[in-house]
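This is target03.cif. It holds mmCIF, C-alpha atoms.
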```cif
data_upload
#
loop_
_atom_site.label_atom_id
_atom_site.label_comp_id
_atom_site.auth_asym_id
_atom_site.auth_seq_id
_atom_site.Cartn_x
_atom_site.Cartn_y
_atom_site.Cartn_z
CA MET A 1 4.37 -12.54 -28.23
CA SER A 2 4.95 -15.79 -30.04
CA GLY A 3 2.52 -14.77 -32.78
CA THR A 4 4.19 -11.41 -33.37
CA ILE A 5 6.02 -11.02 -36.65
CA PHE A 6 9.37 -9.24 -36.56
CA ARG A 7 10.83 -7.47 -39.55
CA GLY A 8 14.41 -6.34 -40.16
CA PRO A 9 15.55 -3.49 -42.41
CA LEU A 10 15.00 -3.88 -46.15
CA ASP A 11 17.71 -5.44 -48.25
CA GLY A 12 20.91 -3.41 -47.94
CA GLY A 13 19.58 -1.41 -45.01
CA LEU A 14 22.47 -2.51 -42.82
CA LEU A 15 26.22 -2.65 -43.27
CA ILE A 16 27.66 -5.42 -41.13
CA ALA A 17 31.35 -5.69 -40.22
CA PRO A 18 32.40 -8.48 -37.83
CA LEU A 19 35.27 -7.22 -35.61
CA ASP A 20 35.83 -9.89 -32.94
CA GLU A 21 33.18 -11.04 -30.48
CA PHE A 22 31.59 -7.72 -31.39
CA THR A 23 30.07 -6.90 -34.74
CA ALA A 24 29.82 -3.32 -35.98
CA VAL A 25 26.50 -2.60 -37.68
CA TYR A 26 25.76 0.60 -39.60
CA HIS A 27 22.05 1.35 -39.85
CA ARG A 28 21.63 3.28 -43.09
CA ALA A 29 18.22 4.74 -42.25
CA SER A 30 19.43 6.44 -39.07
CA GLY A 31 23.16 6.77 -39.74
CA ILE A 32 23.83 5.20 -36.35
CA THR A 33 26.63 2.70 -35.74
CA HIS A 34 25.77 -0.16 -33.36
CA LEU A 35 28.13 -2.59 -31.69
CA LEU A 36 26.41 -5.93 -31.21
CA THR A 37 27.27 -9.27 -29.67
CA GLU A 38 25.78 -12.70 -30.29
CA PRO A 39 22.99 -13.46 -30.99
CA ALA A 40 22.02 -10.01 -32.33
CA PRO A 41 23.97 -10.23 -35.64
CA GLN A 42 22.56 -13.73 -36.19
CA ILE A 43 19.01 -12.48 -35.58
CA LEU A 44 19.56 -9.67 -38.09
CA ALA A 45 20.93 -12.16 -40.61
CA VAL A 46 17.84 -14.38 -40.35
CA LEU A 47 15.43 -11.43 -40.45
CA GLY A 48 17.35 -10.11 -43.45
CA GLU A 49 15.92 -13.05 -45.37
CA GLY A 50 12.35 -12.13 -44.47
CA ALA A 51 10.00 -11.27 -41.62
CA SER A 52 9.56 -13.99 -39.07
CA SER A 53 7.72 -14.91 -35.87
CA LEU A 54 9.55 -15.63 -32.65
CA ASP A 55 8.93 -19.38 -32.94
CA VAL A 56 10.19 -19.61 -36.51
CA LEU A 57 13.15 -17.41 -35.62
CA LEU A 58 14.02 -19.64 -32.68
CA GLU A 59 13.91 -22.70 -34.86
CA ARG A 60 16.07 -21.10 -37.56
CA LEU A 61 18.63 -19.80 -35.08
CA GLY A 62 18.75 -23.17 -33.30
CA ARG A 63 19.36 -24.93 -36.61
CA ASP A 64 22.00 -22.56 -38.04
CA TYR A 65 23.78 -21.32 -34.92
CA ASP A 66 24.91 -22.65 -31.58
CA LEU A 67 23.01 -20.34 -29.23
CA ASP A 68 24.18 -19.94 -25.61
CA ASP A 69 20.63 -19.48 -24.38
CA GLY A 70 18.06 -20.89 -26.77
CA THR A 71 14.92 -20.27 -24.71
CA PRO A 72 11.99 -18.27 -26.14
CA GLU A 73 12.23 -15.87 -23.16
CA ALA A 74 15.87 -15.06 -23.87
CA LEU A 75 15.18 -14.56 -27.57
CA ALA A 76 12.17 -12.33 -26.79
CA ALA A 77 14.40 -10.15 -24.59
CA ARG A 78 17.03 -9.85 -27.37
CA LEU A 79 14.32 -8.99 -29.90
CA GLU A 80 12.97 -6.33 -27.57
CA GLU A 81 16.46 -4.78 -27.34
CA LEU A 82 16.75 -4.70 -31.12
CA VAL A 83 13.30 -3.11 -31.43
CA GLU A 84 14.33 -0.44 -28.91
CA ALA A 85 17.56 0.17 -30.81
CA GLY A 86 15.49 0.75 -33.94
CA LEU A 87 17.17 -2.07 -35.87
CA ILE A 88 14.04 -4.23 -36.24
CA GLU A 89 10.32 -3.63 -35.85
CA ARG A 90 7.13 -5.50 -35.22
CA ALA A 91 5.40 -6.05 -38.53
CA MET B 1 40.79 41.71 -43.93
CA ARG B 2 43.85 43.92 -43.50
CA TYR B 3 46.41 41.14 -43.64
CA ALA B 4 46.09 37.75 -45.30
CA PHE B 5 48.09 34.62 -45.98
CA SER B 6 47.36 31.46 -47.96
CA VAL B 7 48.95 28.07 -47.58
CA ARG B 8 48.39 24.46 -48.54
CA ILE B 9 49.07 21.73 -45.98
CA GLY B 10 48.80 18.32 -47.61
CA PRO B 11 45.60 18.34 -49.69
CA ILE B 12 43.97 21.17 -47.69
CA GLY B 13 44.23 24.84 -48.66
CA PHE B 14 43.74 27.62 -46.10
CA ARG B 15 43.35 31.37 -46.28
CA ILE B 16 44.00 33.18 -43.02
CA GLY B 17 42.90 36.78 -42.67
CA SER B 18 43.85 38.94 -39.70
CA ASP B 19 43.26 42.38 -38.24
CA TRP B 20 46.90 42.35 -37.10
CA ARG B 21 50.16 41.99 -38.98
CA ALA B 22 52.05 39.93 -36.39
CA PRO B 23 50.27 36.54 -36.67
CA ILE B 24 50.38 36.74 -40.46
CA ALA B 25 54.09 37.59 -40.42
CA GLU B 26 54.75 34.57 -38.20
CA LEU B 27 52.72 32.28 -40.46
CA GLN B 28 54.53 33.61 -43.55
CA SER B 29 57.87 32.91 -41.96
CA LEU B 30 57.11 29.46 -40.57
CA TYR B 31 55.18 28.25 -43.64
CA ARG B 32 57.55 29.88 -46.15
CA ASP B 33 58.48 26.55 -47.81
CA TYR B 34 54.87 25.35 -48.21
CA PRO B 35 52.91 25.59 -51.47
CA LYS B 36 49.84 27.75 -52.07
CA PRO B 37 46.31 26.28 -52.35
CA HIS B 38 45.52 24.47 -55.62
CA ASP B 39 44.44 27.05 -58.26
CA GLY B 40 44.64 29.67 -55.53
CA VAL B 41 41.33 28.52 -54.06
CA PRO B 42 41.41 27.61 -50.36
CA ASP B 43 39.22 24.89 -48.83
CA PHE B 44 38.82 26.82 -45.60
CA THR B 45 38.96 30.42 -44.47
CA VAL B 46 40.13 31.51 -41.04
CA ARG B 47 39.65 34.95 -39.56
CA LEU B 48 41.53 36.48 -36.63
CA PHE B 49 39.59 39.56 -35.68
CA ALA B 50 38.95 42.15 -33.00
CA ARG B 51 35.42 41.98 -31.62
CA ARG B 52 35.44 45.75 -31.03
CA PRO B 53 37.52 48.22 -33.07
CA TRP B 54 39.51 49.38 -30.02
CA ARG B 55 40.45 45.76 -29.21
CA ARG B 56 42.74 45.92 -32.22
CA LEU B 57 44.97 48.33 -30.26
CA ILE B 58 44.04 48.40 -26.59
CA ARG B 59 44.78 45.09 -24.85
CA PRO B 60 44.43 43.50 -28.28
CA SER B 61 42.53 40.23 -28.10
CA VAL B 62 42.23 37.83 -31.00
CA GLU B 63 38.83 36.31 -31.72
CA ILE B 64 38.81 33.15 -33.80
CA GLY B 65 36.43 32.92 -36.74
CA GLY B 66 36.06 31.37 -40.13
CA ASP B 67 33.80 29.10 -42.14
CA TYR B 68 33.14 27.12 -38.97
CA MET B 69 33.02 28.73 -35.54
CA LEU B 70 32.57 27.75 -31.93
CA PRO B 71 30.43 30.43 -30.29
CA GLU B 72 32.00 29.91 -26.88
CA ALA B 73 35.63 30.06 -28.08
CA ALA B 74 37.50 32.50 -25.83
CA PRO B 75 39.72 35.16 -27.44
CA LEU B 76 43.50 34.99 -27.01
CA PRO B 77 45.97 37.83 -26.38
CA LEU B 78 47.77 39.06 -29.49
CA ARG B 79 51.11 37.53 -28.41
CA GLN B 80 49.37 34.15 -28.79
CA GLY B 81 48.09 35.07 -32.27
CA LEU B 82 49.96 32.20 -33.94
CA LEU B 83 48.29 29.74 -31.56
CA ALA B 84 44.93 31.34 -32.39
CA ALA B 85 45.61 30.84 -36.10
CA GLU B 86 46.62 27.20 -35.66
CA MET B 87 43.60 26.49 -33.42
CA ALA B 88 41.30 28.12 -35.97
CA MET B 89 42.80 26.07 -38.82
CA ASN B 90 42.34 22.88 -36.79
CA LEU B 91 38.77 23.87 -36.04
CA GLN B 92 37.94 24.25 -39.74
CA MET B 93 39.35 20.79 -40.37
CA ALA B 94 37.61 19.19 -37.39
CA LEU B 95 34.19 20.62 -38.20
CA GLY B 96 34.32 21.02 -41.95
CA ALA B 97 36.38 18.26 -43.55
CA ARG B 98 34.30 15.84 -45.61
CA ARG B 99 36.71 14.49 -48.22
CA TYR B 100 38.67 12.39 -45.72
CA LEU B 101 37.95 10.56 -42.50
CA LEU B 102 39.86 12.66 -40.00
CA LEU B 103 41.78 10.65 -37.44
CA HIS B 104 43.10 12.56 -34.46
CA ALA B 105 46.50 10.94 -34.74
CA SER B 106 50.08 11.64 -35.60
CA ALA B 107 51.55 9.76 -38.54
CA VAL B 108 54.98 8.83 -39.87
CA GLU B 109 55.90 6.84 -42.95
CA ARG B 110 58.58 4.37 -43.95
CA ASP B 111 58.77 2.39 -47.22
CA GLY B 112 55.37 3.71 -48.29
CA ARG B 113 53.64 2.44 -45.15
CA ALA B 114 52.20 4.61 -42.41
CA LEU B 115 52.37 4.26 -38.64
CA LEU B 116 49.48 6.00 -36.89
CA MET B 117 49.66 7.09 -33.24
CA THR B 118 46.57 8.25 -31.43
CA GLY B 119 45.71 9.12 -27.86
CA ILE B 120 44.59 11.85 -25.51
CA SER B 121 46.51 15.12 -25.21
CA GLY B 122 49.78 14.36 -23.42
CA ALA B 123 50.01 10.78 -24.66
CA GLY B 124 53.00 11.80 -26.77
CA LYS B 125 51.61 11.87 -30.32
CA SER B 126 53.64 14.91 -31.40
CA THR B 127 56.79 13.99 -29.48
CA LEU B 128 56.93 10.44 -30.78
CA ALA B 129 56.31 11.53 -34.36
CA THR B 130 59.13 14.06 -34.03
CA LEU B 131 61.53 11.54 -32.49
CA LEU B 132 60.73 8.98 -35.19
CA ALA B 133 61.30 11.63 -37.88
CA VAL B 134 64.77 12.22 -36.41
CA LYS B 135 65.39 8.47 -36.80
CA GLY B 136 64.65 8.61 -40.51
CA TRP B 137 60.88 8.19 -40.71
CA ARG B 138 58.99 10.65 -42.89
CA PHE B 139 56.85 12.96 -40.74
CA MET B 140 53.23 13.08 -42.05
CA GLY B 141 51.52 15.06 -39.31
CA ASP B 142 51.11 15.41 -35.57
CA GLU B 143 47.40 16.27 -35.32
CA PHE B 144 45.31 14.75 -38.11
CA ALA B 145 45.87 11.74 -40.34
CA LEU B 146 43.55 11.89 -43.35
CA LEU B 147 42.07 8.54 -44.36
CA ASP B 148 40.80 8.56 -47.94
CA PRO B 149 37.51 6.59 -48.11
CA ALA B 150 38.05 5.90 -51.82
CA THR B 151 41.50 4.32 -51.53
CA GLY B 152 42.10 3.50 -47.84
CA LEU B 153 45.35 5.49 -48.06
CA ILE B 154 46.59 7.92 -45.43
CA HIS B 155 47.26 11.46 -46.65
CA ALA B 156 49.72 13.69 -44.84
CA PHE B 157 48.75 16.88 -43.04
CA PRO B 158 52.16 18.17 -41.91
CA ARG B 159 51.14 21.42 -40.27
CA LEU B 160 53.48 23.09 -37.78
CA ILE B 161 54.23 20.67 -34.95
CA SER B 162 52.55 21.93 -31.80
CA LEU B 163 54.86 21.22 -28.86
CA LYS B 164 53.59 21.58 -25.31
CA ASN B 165 55.41 22.06 -22.01
CA GLU B 166 58.24 19.53 -21.52
CA ALA B 167 57.86 18.30 -25.11
CA ILE B 168 59.38 21.61 -26.26
CA ALA B 169 62.81 20.92 -24.75
CA ALA B 170 62.68 17.27 -25.79
CA ALA B 171 62.00 18.15 -29.44
CA GLU B 172 64.62 20.93 -29.47
CA ALA B 173 67.22 18.52 -28.10
CA ALA B 174 66.26 15.83 -30.61
CA TRP B 175 66.22 18.22 -33.55
CA PRO B 176 68.47 21.22 -32.82
CA THR B 177 68.46 22.46 -36.41
CA ALA B 178 64.66 22.69 -36.70
CA ARG B 179 63.12 26.09 -37.21
CA MET B 180 60.95 27.13 -34.27
CA GLY B 181 58.17 29.65 -33.77
CA PRO B 182 58.00 31.99 -30.79
CA LEU B 183 57.72 30.45 -27.31
CA MET B 184 54.23 31.24 -26.01
CA PRO B 185 54.24 30.71 -22.25
CA ALA B 186 51.12 30.13 -20.15
CA THR B 187 48.56 29.78 -22.94
CA PRO B 188 45.26 28.00 -22.17
CA LYS B 189 47.05 24.84 -23.42
CA GLY B 190 50.22 25.41 -21.35
CA ASP B 191 53.54 26.56 -22.81
CA ILE B 192 53.39 26.21 -26.57
CA ARG B 193 56.06 26.37 -29.24
CA HIS B 194 55.63 25.47 -32.88
CA MET B 195 58.25 23.58 -34.83
CA VAL B 196 58.52 23.52 -38.63
CA PRO B 197 58.51 19.96 -40.02
CA ASP B 198 61.67 19.03 -41.87
CA ALA B 199 62.15 19.71 -45.57
CA ARG B 200 61.49 16.08 -46.49
CA ALA B 201 58.08 16.13 -44.79
CA ILE B 202 57.09 19.24 -46.74
CA ALA B 203 58.50 18.03 -50.08
CA ALA B 204 56.68 14.68 -49.82
CA MET B 205 53.42 15.92 -48.35
CA ASP B 206 51.42 14.98 -51.46
CA VAL B 207 52.57 11.37 -51.29
CA PRO B 208 50.05 9.18 -49.43
CA ALA B 209 50.93 5.97 -47.58
CA THR B 210 49.28 2.63 -46.89
CA PRO B 211 48.33 2.34 -43.21
CA ALA B 212 50.30 -0.50 -41.60
CA LEU B 213 50.15 -0.11 -37.80
CA LEU B 214 47.88 1.68 -35.35
CA VAL B 215 49.46 2.52 -31.98
CA PHE B 216 47.83 3.85 -28.81
CA PRO B 217 50.74 5.32 -26.82
CA ARG B 218 50.57 6.22 -23.12
CA TYR B 219 53.37 8.22 -21.51
CA GLY B 220 54.60 7.82 -17.94
CA PHE B 221 54.28 4.09 -17.37
CA GLU B 222 56.58 1.08 -17.31
CA ALA B 223 57.30 -0.14 -20.83
CA GLU B 224 54.55 -2.50 -21.90
CA THR B 225 53.01 -3.54 -25.19
CA ARG B 226 49.63 -5.21 -25.60
CA PRO B 227 47.41 -5.91 -28.58
CA VAL B 228 44.16 -3.93 -28.69
CA PRO B 229 41.13 -6.04 -29.69
CA PRO B 230 39.57 -4.84 -32.97
CA ALA B 231 36.27 -3.77 -31.37
CA GLU B 232 38.08 -1.64 -28.77
CA ALA B 233 40.28 -0.11 -31.48
CA PHE B 234 37.19 0.61 -33.58
CA VAL B 235 35.37 2.37 -30.73
CA ARG B 236 38.45 4.36 -29.74
CA MET B 237 38.94 5.48 -33.34
CA THR B 238 35.30 6.55 -33.73
CA GLN B 239 35.97 8.76 -30.71
CA ALA B 240 39.30 9.93 -32.14
CA SER B 241 37.68 10.98 -35.40
CA THR B 242 36.08 14.41 -35.55
CA ASN B 243 33.95 13.65 -38.60
CA TYR B 244 33.11 9.94 -38.32
CA VAL B 245 29.39 10.65 -37.83
CA ALA B 246 29.30 13.32 -40.53
CA LEU B 247 30.79 10.94 -43.11
CA GLY B 248 28.06 8.36 -42.51
CA GLU B 249 28.46 5.20 -44.54
CA ALA B 250 31.83 6.26 -45.99
CA GLY B 251 33.15 6.71 -42.45
CA PHE B 252 31.90 3.29 -41.36
CA ARG B 253 33.41 1.54 -44.38
CA SER B 254 36.73 3.39 -44.05
CA LEU B 255 37.14 2.76 -40.35
CA THR B 256 36.04 -0.88 -40.28
CA GLY B 257 38.36 -1.43 -43.26
CA LEU B 258 41.28 0.19 -41.44
CA ILE B 259 40.67 -1.85 -38.29
CA ALA B 260 40.41 -5.09 -40.29
CA ASP B 261 43.61 -4.44 -42.26
CA VAL B 262 45.90 -2.95 -39.63
CA PRO B 263 47.02 -4.37 -36.26
CA SER B 264 46.27 -2.19 -33.22
CA VAL B 265 48.69 -2.08 -30.31
CA ALA B 266 48.76 -0.15 -27.02
CA ILE B 267 52.18 1.02 -25.87
CA ASP B 268 52.97 2.24 -22.37
CA TYR B 269 56.35 3.96 -22.22
CA PRO B 270 58.49 5.70 -19.59
CA ASP B 271 60.51 7.87 -22.02
CA GLY B 272 61.02 8.64 -25.69
CA ALA B 273 63.95 6.28 -26.23
CA SER B 274 61.96 3.36 -24.87
CA ALA B 275 58.94 4.22 -27.05
CA ILE B 276 61.11 4.33 -30.18
CA GLU B 277 62.50 0.90 -29.33
CA GLN B 278 59.00 -0.52 -28.76
CA VAL B 279 57.71 0.95 -32.02
CA GLU B 280 60.68 -0.31 -34.03
CA ALA B 281 60.22 -3.81 -32.55
CA LEU B 282 56.54 -3.83 -33.51
CA TRP B 283 57.32 -2.51 -36.96
CA SER B 284 59.95 -5.12 -37.75
CA ALA B 285 57.55 -7.86 -36.58
CA LEU B 286 54.86 -6.79 -39.08
#
```
Show me, as structure tokens, the structure contained in the file I just sent.
Amino acid sequence: MSGTIFRGPLDGGLLIAPLDEFTAVYHRASGITHLLTEPAPQILAVLGEGASSLDVLLERLGRDYDLDDGTPEALAARLEELVEAGLIERA
Amino acid sequence: MRYAFSVRIGPIGFRIGSDWRAPIAELQSLYRDYPKPHDGVPDFTVRLFARRPWRRLIRPSVEIGGDYMLPEAAPLPLRQGLLAAEMAMNLQMALGARRYLLLHASAVERDGRALLMTGISGAGKSTLATLLAVKGWRFMGDEFALLDPATGLIHAFPRLISLKNEAIAAAEAAWPTARMGPLMPATPKGDIRHMVPDARAIAAMDVPATPALLVFPRYGFEAETRPVPPAEAFVRMTQASTNYVALGEAGFRSLTGLIADVPSVAIDYPDGASAIEQVEALWSAL
């Protein structure tokens, strides 16, 4: 898994509106509105800058954000959820 | 169709055709002070028709049709023809409107700013809007508030006020001079009586307002007021909008903008007087 590259939507593919602890995300390609909590919006923000492997992602998130659970296992689970939701994909 | 009537309610023009004279006569009377559609061209067409020719005369039953239809919609007896017309007009709006984000909410205005009230049937949307109008607020609508994606403004849709069950007596007591439609007992929605909005509401229906407060009222509880977190308000409003999904990106931008700009508050209230007090307190604290 650690070698897998994850890719977010192309530039402008998402509309992101922080509400409170939830963030509303509109996925242009599907027209679906998602309601996300940390660290999903942060993951999307990092992947918005370019495709990334789990290890690189973990390092970036750890540097820029204060993650509650910064283990690779936890991040892999969150990535899997975002893949299932159709918001990111394996490159 | 044999009988027809056109009317404009806020920015939306309707043409209602009917196999019977009675519902059209009632609409003509109740909407007599309303304008006609812009350039005579309606946005939506409604048809009240008999499924079989003899159903026009024998146990006449009114089928609801129009640009948008629900195949499973049950017909209504002719004495409830006005209700059929109003339901059909609402249906066109709910399924067909694309120019505005439709919020299932009542709305009143003061000083150019709009108060929106949304909730399930029976929460008191219509009653509270009526009571506030008596207190000097401008009535903008009791069913749909129209949020313009281009400007963020709320446009009025002051159709006939649909009063149900005990709300009928309450509204009549609050506004004894209001013109009323026929009392329709025991409809599928309970006892129904339509009330004509006041002259000011009709005269000012083309004047939009800036949304200022979003209220989620709940009738039948001890008086209580609590703020609604933005995410909860957002989700509840996506559910309270009939065309949020259809509007796509414009709907998302409009609704997240509304939630960001306007405080959301839940109000539990035991009676109308208490609700008015709670609303006025919130409004003066804005």
Output the residue selection produced by the PyMOL selection byres ((chain B and resi 95) around 9) on the file above, formatted as a PDB file with C-alpha atoms, keeping the file's coordinate frame.
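Printed below is selection-v1.pdb as written:
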```pdb
ATOM      1  CA  TYR B  68      33.140  27.120 -38.970  1.00  0.00           C
ATOM      2  CA  MET B  69      33.020  28.730 -35.540  1.00  0.00           C
ATOM      3  CA  ASN B  90      42.340  22.880 -36.790  1.00  0.00           C
ATOM      4  CA  LEU B  91      38.770  23.870 -36.040  1.00  0.00           C
ATOM      5  CA  GLN B  92      37.940  24.250 -39.740  1.00  0.00           C
ATOM      6  CA  MET B  93      39.350  20.790 -40.370  1.00  0.00           C
ATOM      7  CA  ALA B  94      37.610  19.190 -37.390  1.00  0.00           C
ATOM      8  CA  GLY B  96      34.320  21.020 -41.950  1.00  0.00           C
ATOM      9  CA  ALA B  97      36.380  18.260 -43.550  1.00  0.00           C
ATOM     10  CA  ARG B  98      34.300  15.840 -45.610  1.00  0.00           C
ATOM     11  CA  THR B 242      36.080  14.410 -35.550  1.00  0.00           C
ATOM     12  CA  ASN B 243      33.950  13.650 -38.600  1.00  0.00           C
TER      13      ASN B 243
END
```
- Give me the residues within 8 Å of Glu26 (chain B) as a list of chain:residue names, counting only C-alpha atoms and dropping any in the same chain fewer than 4 places off. B:Ala22, B:Leu30, B:Leu82, B:Gly181
Counting all atoms listed in the file, which residues of chain B sit at most 6 Å from some atom of chain A, and what is each one's closest atom pair with its distance in Å to one decimal, listed by chain and rising residue number, as a Markdown table?
```
| residue | atom | partner | partner_atom | distance |
| --- | --- | --- | --- | --- |
| B:Pro230 | CA | A:Leu19 | CA | 5.6 |
| B:Ala231 | CA | A:Leu19 | CA | 5.6 |
| B:Gly248 | CA | A:Gly31 | CA | 5.8 |
```
- Query: What is the CA of Pro182 (chain B)-CA of Pro23 (chain B) distance in Å, reported with one decimal?
  - Reply: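 The value is 10.7 Å.
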- Have a look at A:Glu89, A:Pro39, A:Arg78, A:Glu49 and name the one nearest to Gly62 (chain A); count only C-alpha atoms.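 Among the listed residues, the smallest separation from Gly62 (chain A) belongs to A:Pro39.
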- Please identify all polymer residues within 10 Å of region 134-136 of chain B, counting all atoms listed in the file, omitting same-chain residues fewer than 3 positions from it, and present them as a list in words. Val108, Glu109, Arg110, Leu128, Ala129, Thr130, Leu131, Phe139, Ala171, Ala174, Trp175, Asp198 and Ile276 of chain B
- Message: Suppose a student applies the PyMOL selection byres ((chain B and resi 179) around 10) to this structure; what residues should they get, written as a list in words?
- Response: Ser29, Leu30, Glu172, Trp175, Pro176, Thr177, Ala178, Met180, Gly181, His194, Met195, Val196, Pro197 and Asp198 of chain B
- Interatomic distance, CA of Gln80 (chain B) to CA of Thr187 (chain B) (Å, one decimal): 7.3 Å
- Report the distance between CA of Gly48 (chain A) and CA of Met237 (chain B) in Å, rounded to one decimal place.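 Straight-line distance from CA of Gly48 (chain A) to CA of Met237 (chain B) works out to 28.5 Å.
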- Message: With all atoms listed in the file as the counted atoms, please give the residues lying no more than 7 Å from Leu102 (chain B), apart from itself and same-chain residues fewer than 4 positions off, as number ranges by chain.
- Response: B: 144-147, 241-243
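Among the candidates B:Pro42, B:Pro208, B:Gly65, B:Pro60, the residue lying nearest to Pro158 (chain B) is B:Pro208 (atoms considered: only C-alpha atoms).
Excluding Phe221 (chain B) itself and any same-chain residue fewer than 2 positions from it, the protein and nucleic acid residues within 7 Å of it, counting only C-alpha atoms, are Tyr219, Ala223, Asp268, Tyr269 and Pro270 of chain B.
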Given 6 Å of margin on each side, can you work out the centre and size in Å (one decimal) of an axis-aligned box holding every listed atom of region 253-256 of chain B, as AutoDock Vina command-line options?
```
--center_x 35.3 --center_y 1.3 --center_z -42.3 --size_x 15.7 --size_y 16.3 --size_z 16.1
```
- Item | Selection result of the PyMOL selection byres ((chain B and resi 188-190) around 10) on this file, as a list in words |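 Those residues are Ala74, Leu76, Gln80, Leu83, Ser121, Leu163, Lys164, Asn165, Glu166, Met184, Pro185, Ala186, Thr187, Asp191, Ile192 and Arg193 of chain B.
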Since we have the selection now, will you write its residues out, keeping C-alpha atoms, as an mmCIF file, in the coordinates of the input?
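The resulting part_38.cif:
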```cif
data_model
loop_
_atom_site.group_PDB
_atom_site.id
_atom_site.type_symbol
_atom_site.label_atom_id
_atom_site.label_comp_id
_atom_site.auth_asym_id
_atom_site.auth_seq_id
_atom_site.Cartn_x
_atom_site.Cartn_y
_atom_site.Cartn_z
ATOM 1 C CA ALA B 74 37.500 32.500 -25.830
ATOM 2 C CA LEU B 76 43.500 34.990 -27.010
ATOM 3 C CA GLN B 80 49.370 34.150 -28.790
ATOM 4 C CA LEU B 83 48.290 29.740 -31.560
ATOM 5 C CA SER B 121 46.510 15.120 -25.210
ATOM 6 C CA LEU B 163 54.860 21.220 -28.860
ATOM 7 C CA LYS B 164 53.590 21.580 -25.310
ATOM 8 C CA ASN B 165 55.410 22.060 -22.010
ATOM 9 C CA GLU B 166 58.240 19.530 -21.520
ATOM 10 C CA MET B 184 54.230 31.240 -26.010
ATOM 11 C CA PRO B 185 54.240 30.710 -22.250
ATOM 12 C CA ALA B 186 51.120 30.130 -20.150
ATOM 13 C CA THR B 187 48.560 29.780 -22.940
ATOM 14 C CA ASP B 191 53.540 26.560 -22.810
ATOM 15 C CA ILE B 192 53.390 26.210 -26.570
ATOM 16 C CA ARG B 193 56.060 26.370 -29.240
#
```
- Can you work out which one of B:Glu224, B:Ala173, B:Gly251, B:His104 has the shortest atom-to-atom distance to Arg236 (chain B), counting only C-alpha atoms?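 Ranked by minimum distance to Arg236 (chain B), first place goes to B:His104.
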- Task: Kindly provide, as a list in words, the polymer residues lying within 12 Å of (44.0, 44.0, -27.0), counting only C-alpha atoms and using the coordinates exactly as they appear in the file.
- Result: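 Using only C-alpha atoms, the matching residues come out as Asp19, Trp20, Phe49, Ala50, Arg51, Arg52, Pro53, Trp54, Arg55, Arg56, Leu57, Ile58, Arg59, Pro60, Ser61, Val62, Glu63, Pro75, Leu76, Pro77, Leu78, Arg79, Gln80 and Gly81 of chain B.
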- Note on the structure: Using all atoms listed in the file, the best pick from B:Ala203, B:Ile259, B:Leu247, B:Ile12 as closest to Leu101 (chain B) would be B:Leu247
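Nearest-residue note for Ile5 (chain A): choosing from A:Asp66, A:Leu79, A:Leu61, A:Glu84, the minimum distance belongs to A:Leu79, counting all atoms listed in the file.
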- Any idea what's packed within 10 Å of Arg200 (chain B), counting all atoms listed in the file, ignoring anything in its chain fewer than 5 positions away? Could you give it as a ChimeraX atom specification? /B:133,137-140,205
